[in-house]
file structure.tsv (TSV, C-alpha atoms and all ligand atoms)
chain	number	residue	atom	x	y	z
A	190	MET	CA	155.61	75.88	107.20
A	191	ALA	CA	155.59	73.82	110.39
A	192	VAL	CA	157.41	75.31	113.35
A	193	GLY	CA	159.20	73.53	116.18
A	194	ARG	CA	158.20	73.56	119.84
A	195	PRO	CA	158.73	75.30	122.12
A	196	PHE	CA	158.40	78.18	119.70
A	197	VAL	CA	159.98	81.45	120.79
A	198	ALA	CA	159.09	84.82	119.25
A	199	ARG	CA	161.10	88.01	119.64
A	200	ALA	CA	158.96	90.94	120.73
A	201	VAL	CA	159.40	94.62	121.55
A	202	VAL	CA	158.16	95.28	125.09
A	203	PHE	CA	157.59	98.70	126.66
A	204	HIS	CA	158.73	98.86	130.30
A	205	ALA	CA	158.93	102.63	130.81
A	206	PRO	CA	159.37	105.72	128.65
A	207	GLY	CA	162.73	105.25	126.92
A	208	ASP	CA	162.96	101.64	128.09
A	209	LEU	CA	161.98	99.32	125.24
A	210	ARG	CA	163.34	95.79	125.42
A	211	PHE	CA	163.59	92.86	123.05
A	212	GLU	CA	162.25	89.85	124.81
A	213	ASP	CA	161.83	86.21	123.98
A	214	VAL	CA	158.26	85.10	124.36
A	215	ALA	CA	157.36	81.41	124.21
A	216	LEU	CA	154.24	80.89	122.14
A	217	PRO	CA	151.97	77.87	122.40
A	218	ALA	CA	150.69	75.98	119.39
A	219	PRO	CA	147.62	77.80	118.05
A	220	GLY	CA	144.47	76.51	119.73
A	221	PRO	CA	141.03	76.09	118.17
A	222	GLY	CA	140.29	79.00	115.85
A	223	GLU	CA	143.68	80.61	116.50
A	224	LEU	CA	146.48	81.51	114.11
A	225	LEU	CA	150.22	81.67	114.56
A	226	LEU	CA	151.30	84.59	112.37
A	227	ARG	CA	154.72	85.41	111.02
A	228	ILE	CA	154.59	89.19	111.18
A	229	THR	CA	155.84	90.72	107.93
A	230	ALA	CA	155.33	94.41	108.77
A	231	CYS	CA	153.95	96.57	111.57
A	232	GLY	CA	153.39	100.31	111.66
A	233	LEU	CA	154.31	102.39	114.69
A	234	CYS	CA	151.32	104.20	116.17
A	235	PRO	CA	151.54	107.75	117.58
A	236	GLY	CA	149.38	106.52	120.48
A	237	GLU	CA	152.26	104.33	121.59
A	238	VAL	CA	154.42	107.37	122.36
A	239	MET	CA	151.64	108.85	124.52
A	240	ASP	CA	153.52	107.98	127.71
A	241	TRP	CA	150.69	108.35	130.25
A	242	TYR	CA	148.56	106.01	128.14
A	243	ILE	CA	151.07	103.26	127.54
A	244	ALA	CA	152.89	103.48	130.90
A	245	ARG	CA	149.81	102.45	132.85
A	246	LYS	CA	149.78	99.16	130.94
A	247	ALA	CA	153.53	98.49	131.36
A	248	PRO	CA	155.20	96.14	130.87
A	249	VAL	CA	153.34	95.77	127.60
A	250	PRO	CA	154.32	94.39	124.19
A	251	LEU	CA	153.92	97.02	121.49
A	252	GLY	CA	152.52	97.08	117.97
A	253	HIS	CA	148.97	96.87	116.68
A	254	GLU	CA	149.26	97.85	113.02
A	255	ALA	CA	150.46	94.47	111.83
A	256	VAL	CA	150.16	92.33	108.75
A	257	GLY	CA	151.43	88.79	108.60
A	258	GLU	CA	151.40	85.40	107.03
A	259	VAL	CA	149.77	82.41	108.66
A	260	ALA	CA	152.55	80.08	109.85
A	261	GLU	CA	150.20	77.65	111.58
A	262	ALA	CA	146.43	77.49	111.81
A	263	GLY	CA	144.67	76.00	114.83
A	264	PRO	CA	141.82	73.51	114.42
A	265	GLY	CA	138.83	75.06	112.73
A	266	ALA	CA	140.51	78.38	111.90
A	267	ALA	CA	139.20	79.95	108.72
A	268	TYR	CA	142.68	80.61	107.30
A	269	ARG	CA	145.44	78.37	106.02
A	270	PRO	CA	149.23	78.42	106.31
A	271	GLY	CA	150.64	80.88	103.79
A	272	ASP	CA	147.58	83.17	103.80
A	273	ARG	CA	148.38	86.88	104.18
A	274	VAL	CA	146.11	88.28	106.83
A	275	PHE	CA	145.23	91.32	108.87
A	276	VAL	CA	143.98	90.58	112.38
A	277	HIS	CA	142.69	93.40	114.55
A	278	HIS	CA	144.19	93.46	118.05
A	279	HIS	CA	140.74	93.98	119.54
A	280	ALA	CA	137.67	91.88	118.85
A	281	PRO	CA	134.01	92.40	119.69
A	282	CYS	CA	131.67	89.46	120.40
A	283	LEU	CA	129.19	90.61	117.72
A	284	THR	CA	126.27	89.30	119.79
A	285	CYS	CA	125.88	91.56	122.85
A	286	ARG	CA	123.72	94.67	123.08
A	287	ALA	CA	126.67	97.04	122.50
A	288	CYS	CA	127.70	95.12	119.38
A	289	GLY	CA	124.10	95.11	118.15
A	290	ARG	CA	124.16	98.89	118.34
A	291	GLY	CA	127.47	99.08	116.47
A	292	ASP	CA	129.26	100.23	119.64
A	293	PHE	CA	131.94	97.57	119.24
A	294	VAL	CA	134.54	99.31	121.41
A	295	HIS	CA	132.12	99.13	124.36
A	296	CYS	CA	131.67	95.36	124.09
A	297	ALA	CA	133.04	93.54	127.16
A	298	THR	CA	134.88	91.12	124.86
A	299	TRP	CA	136.60	93.97	123.04
A	300	ARG	CA	139.12	95.25	125.59
A	301	PRO	CA	141.74	92.47	125.97
A	302	ARG	CA	144.57	92.46	123.45
A	303	ARG	CA	144.04	89.62	120.99
A	304	LEU	CA	147.50	89.57	119.39
A	305	ILE	CA	149.94	87.79	121.70
A	306	PRO	CA	152.54	89.13	122.40
A	307	GLY	CA	151.84	92.08	120.05
A	308	GLY	CA	152.25	93.16	116.46
A	309	LEU	CA	155.82	94.34	116.94
A	310	ALA	CA	157.25	90.85	117.07
A	311	THR	CA	158.60	88.18	114.79
A	312	HIS	CA	155.49	86.08	115.39
A	313	ALA	CA	152.20	86.42	117.21
A	314	ILE	CA	149.22	84.31	118.16
A	315	ALA	CA	145.96	85.79	116.90
A	316	GLN	CA	143.29	84.69	119.35
A	317	ALA	CA	140.14	83.01	118.14
A	318	GLN	CA	137.86	85.95	119.01
A	319	ALA	CA	139.86	88.27	116.76
A	320	VAL	CA	140.20	85.74	113.96
A	321	ALA	CA	136.43	85.22	114.01
A	322	ALA	CA	135.34	88.85	114.45
A	323	ASP	CA	137.92	91.03	112.74
A	324	ALA	CA	140.43	89.29	110.50
A	325	MET	CA	140.72	89.60	106.74
A	326	HIS	CA	142.65	88.16	103.84
A	327	VAL	CA	145.02	90.79	102.49
A	328	PRO	CA	144.66	90.74	98.70
A	329	PRO	CA	147.89	90.41	96.69
A	330	GLU	CA	147.60	93.94	95.27
A	331	ILE	CA	147.83	95.39	98.80
A	332	SER	CA	151.50	95.63	99.81
A	333	ASP	CA	152.67	94.97	103.35
A	334	ASP	CA	153.33	98.71	103.75
A	335	ALA	CA	149.75	99.48	102.70
A	336	ALA	CA	148.31	96.72	104.89
A	337	THR	CA	149.89	98.26	108.00
A	338	PHE	CA	147.44	101.14	107.42
A	339	ILE	CA	144.30	98.99	107.75
A	340	GLU	CA	144.05	99.56	111.52
A	341	PRO	CA	144.90	103.29	111.66
A	342	LEU	CA	142.82	103.99	108.55
A	343	ALA	CA	139.88	102.19	110.16
A	344	CYS	CA	140.13	104.60	113.10
A	345	VAL	CA	140.03	107.49	110.62
A	346	VAL	CA	137.06	106.02	108.75
A	347	LYS	CA	135.16	105.84	112.05
A	348	SER	CA	136.24	109.37	112.98
A	349	VAL	CA	134.98	110.81	109.70
A	350	ARG	CA	131.72	108.88	110.01
A	351	ARG	CA	131.19	110.28	113.51
A	352	GLY	CA	131.78	113.76	112.11
A	353	ARG	CA	128.44	113.30	110.29
A	354	LEU	CA	129.49	115.21	107.19
A	355	ARG	CA	126.83	117.03	105.25
A	356	GLY	CA	127.07	118.21	101.66
A	357	GLY	CA	129.00	121.47	101.39
A	358	ASP	CA	130.70	121.07	104.78
A	359	ARG	CA	133.91	122.95	105.41
A	360	VAL	CA	136.21	120.70	107.39
A	361	LEU	CA	139.33	121.51	109.40
A	362	VAL	CA	141.85	118.87	110.50
A	363	ILE	CA	144.13	120.01	113.32
A	364	GLY	CA	147.42	118.11	113.30
A	365	ALA	CA	148.97	116.93	110.04
A	366	GLY	CA	150.96	113.96	111.27
A	367	VAL	CA	150.18	110.60	109.78
A	368	MET	CA	146.71	110.39	111.36
A	369	GLY	CA	145.82	113.91	110.26
A	370	LEU	CA	147.05	113.20	106.74
A	371	LEU	CA	144.96	110.02	106.62
A	372	HIS	CA	141.96	112.14	107.61
A	373	LEU	CA	142.73	114.53	104.76
A	374	MET	CA	142.95	111.63	102.29
A	375	VAL	CA	139.64	110.16	103.44
A	376	LEU	CA	137.96	113.57	103.33
A	377	ARG	CA	139.28	114.08	99.80
A	378	ALA	CA	137.76	110.74	98.81
A	379	ARG	CA	134.33	111.83	100.10
A	380	ALA	CA	131.79	113.85	98.18
A	381	GLU	CA	130.53	116.10	101.00
A	382	PRO	CA	133.31	118.56	101.86
A	383	SER	CA	133.38	121.79	99.91
A	384	LEU	CA	136.56	122.83	101.71
A	385	VAL	CA	139.26	120.78	103.41
A	386	MET	CA	141.63	122.70	105.63
A	387	ALA	CA	144.62	121.49	107.67
A	388	ALA	CA	146.59	123.07	110.51
A	389	ASP	CA	149.98	122.21	111.97
A	390	ARG	CA	153.16	123.87	113.19
A	391	VAL	CA	155.80	121.69	111.46
A	392	PRO	CA	156.89	122.85	107.98
A	393	ALA	CA	157.30	119.32	106.56
A	394	ARG	CA	153.82	118.38	107.78
A	395	LEU	CA	152.26	121.52	106.35
A	396	GLU	CA	153.94	120.66	103.06
A	397	ALA	CA	152.54	117.12	103.16
A	398	ALA	CA	149.08	118.46	104.08
A	399	ALA	CA	149.11	120.81	101.11
A	400	ARG	CA	148.94	117.76	98.83
A	401	PHE	CA	145.42	117.01	100.10
A	402	ALA	CA	144.02	120.16	101.70
A	403	ASP	CA	142.63	123.24	99.95
A	404	VAL	CA	144.03	125.48	102.67
A	405	VAL	CA	146.86	124.88	105.13
A	406	ALA	CA	147.31	127.02	108.23
A	407	ASP	CA	150.64	127.40	109.99
A	408	VAL	CA	149.61	127.97	113.60
A	409	THR	CA	153.02	129.45	114.43
A	410	GLN	CA	152.26	132.35	112.08
A	411	ARG	CA	148.77	133.46	113.11
A	412	PRO	CA	145.86	132.39	115.31
A	413	LEU	CA	144.04	129.42	113.81
A	414	ILE	CA	140.66	131.07	114.21
A	415	ASP	CA	141.79	133.90	111.90
A	416	ALA	CA	142.82	131.41	109.23
A	417	ALA	CA	139.55	129.47	109.63
A	418	LYS	CA	137.46	132.63	109.33
A	419	ASP	CA	139.44	133.80	106.30
A	420	ALA	CA	138.90	130.46	104.57
A	421	THR	CA	135.14	130.50	105.19
A	422	GLY	CA	134.10	134.08	104.56
A	423	GLY	CA	133.98	134.71	108.31
A	424	ASP	CA	131.64	131.79	109.13
A	425	GLY	CA	134.00	129.28	110.74
A	426	VAL	CA	134.16	125.61	109.76
A	427	ASP	CA	131.43	122.99	110.08
A	428	VAL	CA	133.54	120.09	111.29
A	429	VAL	CA	136.85	120.16	113.16
A	430	ILE	CA	138.85	116.97	113.70
A	431	ILE	CA	141.30	117.31	116.59
A	432	GLY	CA	144.48	115.24	116.34
A	433	PRO	CA	146.60	116.43	119.28
A	434	GLY	CA	145.47	115.21	122.70
A	435	THR	CA	145.69	118.63	124.34
A	436	ILE	CA	143.26	121.11	125.85
A	437	GLU	CA	144.93	123.79	123.74
A	438	ALA	CA	143.98	121.97	120.54
A	439	LEU	CA	140.41	121.31	121.75
A	440	GLN	CA	139.95	124.97	122.63
A	441	ALA	CA	141.43	126.19	119.34
A	442	GLY	CA	139.19	123.74	117.50
A	443	ILE	CA	135.90	124.65	119.14
A	444	GLU	CA	136.59	128.35	118.56
A	445	CYS	CA	136.91	127.65	114.82
A	446	LEU	CA	133.47	125.99	114.63
A	447	ALA	CA	130.55	127.69	112.93
A	448	PRO	CA	127.16	127.46	114.67
A	449	GLY	CA	125.77	123.94	114.26
A	450	GLY	CA	129.27	122.55	113.87
A	451	THR	CA	130.81	119.32	115.15
A	452	LEU	CA	134.09	118.83	116.99
A	453	VAL	CA	135.53	115.34	116.58
A	454	VAL	CA	137.94	114.37	119.37
A	455	PHE	CA	140.33	111.82	117.85
A	456	THR	CA	142.87	111.61	120.70
A	457	PRO	CA	142.37	111.57	124.48
A	458	THR	CA	143.94	114.12	126.76
A	459	SER	CA	145.72	112.78	129.83
A	460	PRO	CA	143.33	111.68	132.62
A	461	ASP	CA	144.31	114.67	134.77
A	462	ASP	CA	143.48	117.30	132.16
A	463	ARG	CA	140.29	119.34	132.53
A	464	TRP	CA	138.71	121.56	129.89
A	465	PRO	CA	136.85	124.64	131.13
A	466	LEU	CA	134.21	124.44	128.41
A	467	ASN	CA	132.06	127.47	127.59
A	468	VAL	CA	128.69	125.73	127.79
A	469	CYS	CA	126.81	128.92	126.92
A	470	ASP	CA	128.62	129.06	123.56
A	471	LEU	CA	128.11	125.31	123.12
A	472	PHE	CA	124.39	125.63	123.80
A	473	PHE	CA	123.37	128.66	121.81
A	474	ASN	CA	125.61	127.77	118.88
A	475	GLU	CA	124.51	124.12	119.05
A	476	LYS	CA	128.03	122.80	118.80
A	477	THR	CA	128.44	119.03	119.07
A	478	ILE	CA	131.46	117.30	120.62
A	479	VAL	CA	132.01	113.72	119.46
A	480	PRO	CA	134.84	111.52	120.68
A	481	THR	CA	135.95	108.65	118.45
A	482	TYR	CA	137.87	105.77	119.96
A	483	SER	CA	139.53	103.03	117.92
A	484	ALA	CA	137.51	101.16	115.29
A	485	GLY	CA	135.38	98.08	114.75
A	486	PRO	CA	135.08	95.35	112.10
A	487	ASP	CA	132.88	97.54	109.90
A	488	ASP	CA	135.62	100.17	109.84
A	489	THR	CA	138.50	97.79	109.07
A	490	ARG	CA	136.52	96.49	106.08
A	491	GLU	CA	135.86	99.98	104.84
A	492	ALA	CA	139.55	100.79	105.31
A	493	LEU	CA	140.58	97.80	103.21
A	494	GLY	CA	138.13	98.94	100.54
A	495	LEU	CA	139.72	102.38	100.48
A	496	LEU	CA	143.17	100.81	100.10
A	497	GLN	CA	141.89	98.67	97.24
A	498	ALA	CA	140.45	101.79	95.63
A	499	GLY	CA	143.95	103.25	95.66
A	500	LEU	CA	144.05	105.61	98.63
A	501	PRO	CA	147.72	106.70	98.42
A	502	VAL	CA	148.67	105.76	101.98
A	503	THR	CA	152.09	104.37	101.17
A	504	SER	CA	153.18	107.89	100.17
A	505	LEU	CA	153.19	108.54	103.93
A	506	VAL	CA	155.83	105.88	104.68
A	507	THR	CA	159.04	107.79	105.39
A	508	HIS	CA	160.98	105.09	107.25
A	509	ARG	CA	161.30	101.31	107.11
A	510	LEU	CA	163.27	99.78	109.96
A	511	PRO	CA	164.16	96.30	111.19
A	512	LEU	CA	162.67	95.12	114.49
A	513	GLU	CA	165.95	95.80	116.31
A	514	GLN	CA	165.59	99.51	115.48
A	515	ALA	CA	162.04	99.87	116.77
A	516	ALA	CA	163.22	102.21	119.56
A	517	ALA	CA	164.77	104.55	116.99
A	518	GLY	CA	161.50	104.35	115.09
A	519	TYR	CA	159.50	105.42	118.13
A	520	ASP	CA	161.95	108.30	118.64
A	521	LEU	CA	161.06	109.47	115.13
A	522	VAL	CA	157.34	109.21	115.90
A	523	ARG	CA	157.79	111.05	119.18
A	524	ALA	CA	159.80	113.86	117.56
A	525	ALA	CA	156.74	114.53	115.35
A	526	GLY	CA	158.91	116.21	112.75
A	527	SER	CA	159.40	115.26	109.12
A	528	ALA	CA	159.00	111.52	109.81
A	529	LEU	CA	155.49	110.36	109.00
A	530	LYS	CA	154.78	106.63	108.90
A	531	VAL	CA	157.46	104.38	110.33
A	532	VAL	CA	157.04	100.76	109.29
A	533	VAL	CA	158.97	98.01	111.05
A	534	THR	CA	159.71	94.83	109.15
A	535	PRO	CA	160.56	91.98	111.55
B	601	ZN	ZN	147.11	102.94	117.07
B	602	ZN	ZN	129.78	92.44	122.03
call {"tool": "encode", "arguments": {"input": "structure.tsv", "output": "structure tokens", "more": "lines below"}}
Ligand SMILES: [Zn+2]
Ligand SMILES: [Zn+2]
result
Amino acid sequence: MAVGRPFVARAVVFHAPGDLRFEDVALPAPGPGELLLRITACGLCPGEVMDWYIARKAPVPLGHEAVGEVAEAGPGAAYRPGDRVFVHHHAPCLTCRACGRGDFVHCATWRPRRLIPGGLATHAIAQAQAVAADAMHVPPEISDDAATFIEPLACVVKSVRRGRLRGGDRVLVIGAGVMGLLHLMVLRARAEPSLVMAADRVPARLEAAARFADVVADVTQRPLIDAAKDATGGDGVDVVIIGPGTIEALQAGIECLAPGGTLVVFTPTSPDDRWPLNVCDLFFNEKTIVPTYSAGPDDTREALGLLQAGLPVTSLVTHRLPLEQAAAGYDLVRAAGSALKVVVTP
């Protein structure tokens, strides 16, 4: 489908907390290696309601869990009009030292956003770096809803890998929102865990977690450490994955760890937060703290493989909204109640 020029996309742009605007963004014709995508669906990410994180980039177009159809392909692009594609909004160079070590998120090429304006738009330009380094055909059996999970699921795949699971591990996931539930699904699909436990404070989320976890702990009812000890014969768990970006969650998590255990930090705290860590406990109990930030091309491929193997991610979609209702969608994400995945269909 050829498009006229100048071509104007509608995009959702964050200006300040509570101030999302629909803006017209003129898009150029796709250059060499670039794609003009017609966005067919985009998931809303909990990270985008982390105000301190997003406000420092404002004004910024939102959306990075997108799937689309190629409307126009630039010269030399490896996709054709009509192809359904996922394009990651970050792209590593694949040739530098960081990339050679698999540390894609630390590649200098990685940082700039490669979907212009963003995924939460009628159309977007996928820049050549992203098309070359981290784009994929979306097979017909993968629905648009499912394809919006490629990016967040890739982050979870990386998180679980960095947790360095060993056979028989007892694993606790703190936070049973959509990212926590994706962790539970991935853990369930792995051979290593002998126990998968989830903790949250919201009844609907505990209910959702119970579909995948052996044990769910309601942290409003009793201290999490008591539940973790009960579930492990007093030992504590071997791996804790921390969803909420709070010192409280980090502290609760590290207290639940058995000696030799690993704490996976999935979400940042705000830059001003400080954690008074008990290094003596860390040292003598040989606890490991591992942050996990975003995901690389290896992870997006593994995520697509999990979707093709039938990981039931679309069961997490609770809301589908048109682009004009994106603000209401973010309100649902921010409320962190019974809404899980909100998918916007431009
Ligand atoms: Zn995200
Ligand atoms: Zn690189």
call {"tool": "residues_near_ligand", "arguments": {"input": "structure.tsv", "ligand": "ligand ZN 601 (chain B)", "cutoff": "10 Å", "atoms": "all atoms listed in the file", "output": "list in words"}}
result
Gly232, Leu233, Cys234, Pro235, Gly236, Glu237, Gly252, His253, Glu254, His278, Phe338, Glu340, Pro341, Leu342, Cys344, Met368, Ser483 and Ala484 of chain A
call {"tool": "atom_distance", "arguments": {"input": "structure.tsv", "atom1": "atom CA of A:Cys288", "atom2": "atom CA of A:Val256"}}
result
25.0 Å
call {"tool": "residues_near_ligand", "arguments": {"input": "structure.tsv", "ligand": "ligand ZN 602 (chain B)", "cutoff": "10 Å", "atoms": "all atoms listed in the file", "output": "list in words"}}
result
Ala280, Pro281, Cys282, Leu283, Thr284, Cys285, Arg286, Ala287, Cys288, Gly289, Arg290, Gly291, Asp292, Phe293, Val294, His295, Cys296, Ala297, Thr298 and Trp299 of chain A
call {"tool": "write_last_selection", "arguments": {"input": "structure.tsv", "atoms": "C-alpha atoms", "output": "short mmCIF file (atom, residue, chain, number, x, y, z; two decimals), keeping the file's coordinate frame"}}
result
data_model
loop_
_atom_site.label_atom_id
_atom_site.label_comp_id
_atom_site.auth_asym_id
_atom_site.auth_seq_id
_atom_site.Cartn_x
_atom_site.Cartn_y
_atom_site.Cartn_z
CA ALA A 280 137.67 91.88 118.85
CA PRO A 281 134.01 92.40 119.69
CA CYS A 282 131.67 89.46 120.40
CA LEU A 283 129.19 90.61 117.72
CA THR A 284 126.27 89.30 119.79
CA CYS A 285 125.88 91.56 122.85
CA ARG A 286 123.72 94.67 123.08
CA ALA A 287 126.67 97.04 122.50
CA CYS A 288 127.70 95.12 119.38
CA GLY A 289 124.10 95.11 118.15
CA ARG A 290 124.16 98.89 118.34
CA GLY A 291 127.47 99.08 116.47
CA ASP A 292 129.26 100.23 119.64
CA PHE A 293 131.94 97.57 119.24
CA VAL A 294 134.54 99.31 121.41
CA HIS A 295 132.12 99.13 124.36
CA CYS A 296 131.67 95.36 124.09
CA ALA A 297 133.04 93.54 127.16
CA THR A 298 134.88 91.12 124.86
CA TRP A 299 136.60 93.97 123.04
#
call {"tool": "residues_around", "arguments": {"input": "structure.tsv", "residues": "A:Gly263", "least_positions_apart": "2", "cutoff": "7 Å", "atoms": "only C-alpha atoms", "output": "ChimeraX atom specification"}}
result
/A:219-224,261,265-266
call {"tool": "closest_residue", "arguments": {"input": "structure.tsv", "among": "A:Ile436, A:Val506, A:Met325, A:Ile339", "to": "A:Ala492", "atoms": "only C-alpha atoms"}}
result
A:Ile339
call {"tool": "closest_residue", "arguments": {"input": "structure.tsv", "among": "A:Gly450, A:Gly364, A:Pro306, A:Gly257", "to": "A:Phe211", "atoms": "all atoms listed in the file"}}
result
A:Pro306
call {"tool": "atom_distance", "arguments": {"input": "structure.tsv", "atom1": "atom CA of A:Gly425", "atom2": "atom CA of A:Arg463"}}
result
24.8 Å
call {"tool": "closest_residue", "arguments": {"input": "structure.tsv", "among": "A:Glu513, A:Asp323, A:Asp470, A:Asp462", "to": "A:Glu437", "atoms": "all atoms listed in the file"}}
result
A:Asp462
call {"tool": "atom_distance", "arguments": {"input": "structure.tsv", "atom1": "atom CA of A:Pro465", "atom2": "atom CA of A:Leu373"}}
result
28.8 Å
call {"tool": "residues_around", "arguments": {"input": "structure.tsv", "residues": "stretch 390-397 of chain A", "least_positions_apart": "6", "cutoff": "10 Å", "atoms": "only C-alpha atoms", "output": "PyMOL selection string"}}
result
chain A and resi 363-367+369-370+404-410+504-505+525-529
call {"tool": "residues_around", "arguments": {"input": "structure.tsv", "residues": "A:Ser383", "least_positions_apart": "4", "cutoff": "7 Å", "atoms": "all atoms listed in the file", "output": "list of chain:residue names"}}
result
A:Gly357, A:Asp358, A:Arg359
call {"tool": "closest_atom_pairs", "arguments": {"input": "structure.tsv", "of": "stretch 247-337 of chain A", "to": "stretch 203-207 of chain A", "cutoff": "7 Å", "atoms": "all atoms listed in the file", "output": "CSV"}}
result
residue,atom,partner,partner_atom,distance
A:Ala247,CA,A:His204,CA,5.3
A:Pro248,CA,A:His204,CA,4.5
A:Val249,CA,A:Phe203,CA,5.2
A:Pro250,CA,A:Phe203,CA,5.9
A:Leu251,CA,A:Phe203,CA,6.6
call {"tool": "write_last_selection", "arguments": {"input": "structure.tsv", "atoms": "C-alpha atoms", "output": "short mmCIF file (atom, residue, chain, number, x, y, z; two decimals), in the coordinates of the input"}}
result
data_model
loop_
_atom_site.label_atom_id
_atom_site.label_comp_id
_atom_site.auth_asym_id
_atom_site.auth_seq_id
_atom_site.Cartn_x
_atom_site.Cartn_y
_atom_site.Cartn_z
CA ALA A 247 153.53 98.49 131.36
CA PRO A 248 155.20 96.14 130.87
CA VAL A 249 153.34 95.77 127.60
CA PRO A 250 154.32 94.39 124.19
CA LEU A 251 153.92 97.02 121.49
#
call {"tool": "residues_around", "arguments": {"input": "structure.tsv", "residues": "A:His312", "least_positions_apart": "2", "cutoff": "7 Å", "atoms": "all atoms listed in the file", "output": "PDB file with C-alpha atoms, in the coordinates of the input"}}
result
ATOM      1  CA  ALA A 198     159.090  84.820 119.250  1.00  0.00           C
ATOM      2  CA  LEU A 225     150.220  81.670 114.560  1.00  0.00           C
ATOM      3  CA  LEU A 226     151.300  84.590 112.370  1.00  0.00           C
ATOM      4  CA  ARG A 227     154.720  85.410 111.020  1.00  0.00           C
ATOM      5  CA  ILE A 228     154.590  89.190 111.180  1.00  0.00           C
ATOM      6  CA  ALA A 310     157.250  90.850 117.070  1.00  0.00           C
TER       7      ALA A 310
END
call {"tool": "closest_residue", "arguments": {"input": "structure.tsv", "among": "A:Leu493, A:Gln316, A:Ile430, A:Pro270", "to": "A:Val360", "atoms": "only C-alpha atoms"}}
result
A:Ile430
call {"tool": "closest_residue", "arguments": {"input": "structure.tsv", "among": "A:Lys530, A:Pro535, A:Tyr268, A:Arg351", "to": "A:Gln514", "atoms": "all atoms listed in the file"}}
result
A:Pro535
call {"tool": "residues_near_point", "arguments": {"input": "structure.tsv", "point": "(157.4, 71.7, 121.0)", "cutoff": "12 Å", "atoms": "all atoms listed in the file", "output": "list in words"}}
result
Ala191, Val192, Gly193, Arg194, Pro195, Phe196, Val197, Ala215, Leu216, Pro217, Ala218 and Pro219 of chain A
call {"tool": "decode", "arguments": {"input": "structure.tsv", "residues": "stretch 255-300 of chain A", "atoms": "C-alpha atoms", "output": "short mmCIF file (atom, residue, chain, number, x, y, z; two decimals), in the first residue's frame"}}
result
data_model
loop_
_atom_site.label_atom_id
_atom_site.label_comp_id
_atom_site.auth_asym_id
_atom_site.auth_seq_id
_atom_site.Cartn_x
_atom_site.Cartn_y
_atom_site.Cartn_z
CA ALA A 255 4.32 -2.85 19.15
CA VAL A 256 3.52 -5.12 16.24
CA GLY A 257 2.76 -3.82 12.80
CA GLU A 258 2.52 -4.35 9.11
CA VAL A 259 5.05 -2.96 6.67
CA ALA A 260 3.37 -0.12 4.76
CA GLU A 261 6.51 0.91 2.89
CA ALA A 262 10.00 -0.54 2.81
CA GLY A 263 13.05 1.63 2.20
CA PRO A 264 15.73 0.61 -0.31
CA GLY A 265 17.49 -2.57 0.72
CA ALA A 266 15.21 -3.34 3.69
CA ALA A 267 14.83 -7.04 4.33
CA TYR A 268 11.02 -6.87 4.57
CA ARG A 269 8.28 -6.18 2.07
CA PRO A 270 5.01 -4.25 2.20
CA GLY A 271 2.36 -6.38 3.88
CA ASP A 272 4.82 -8.31 6.09
CA ARG A 273 3.81 -8.52 9.75
CA VAL A 274 6.82 -7.59 11.82
CA PHE A 275 8.11 -6.98 15.31
CA VAL A 276 10.83 -4.34 15.55
CA HIS A 277 12.57 -3.73 18.86
CA HIS A 278 12.73 -0.07 19.87
CA HIS A 279 16.40 -0.46 20.77
CA ALA A 280 19.10 -1.92 18.57
CA PRO A 281 22.67 -2.97 19.30
CA CYS A 282 25.43 -2.68 16.67
CA LEU A 283 26.35 -6.39 17.04
CA THR A 284 30.01 -5.60 16.34
CA CYS A 285 31.40 -3.69 19.36
CA ARG A 286 33.05 -5.22 22.41
CA ALA A 287 29.87 -4.97 24.53
CA CYS A 288 27.85 -6.72 21.83
CA GLY A 289 30.53 -9.40 21.49
CA ARG A 290 30.10 -10.12 25.18
CA GLY A 291 26.32 -10.29 24.85
CA ASP A 292 25.94 -7.05 26.82
CA PHE A 293 23.70 -5.54 24.15
CA VAL A 294 22.10 -2.93 26.42
CA HIS A 295 25.55 -1.44 27.04
CA CYS A 296 26.30 -0.95 23.35
CA ALA A 297 26.62 2.75 22.43
CA THR A 298 24.28 2.18 19.48
CA TRP A 299 21.61 0.70 21.72
CA ARG A 300 20.30 3.71 23.65
#
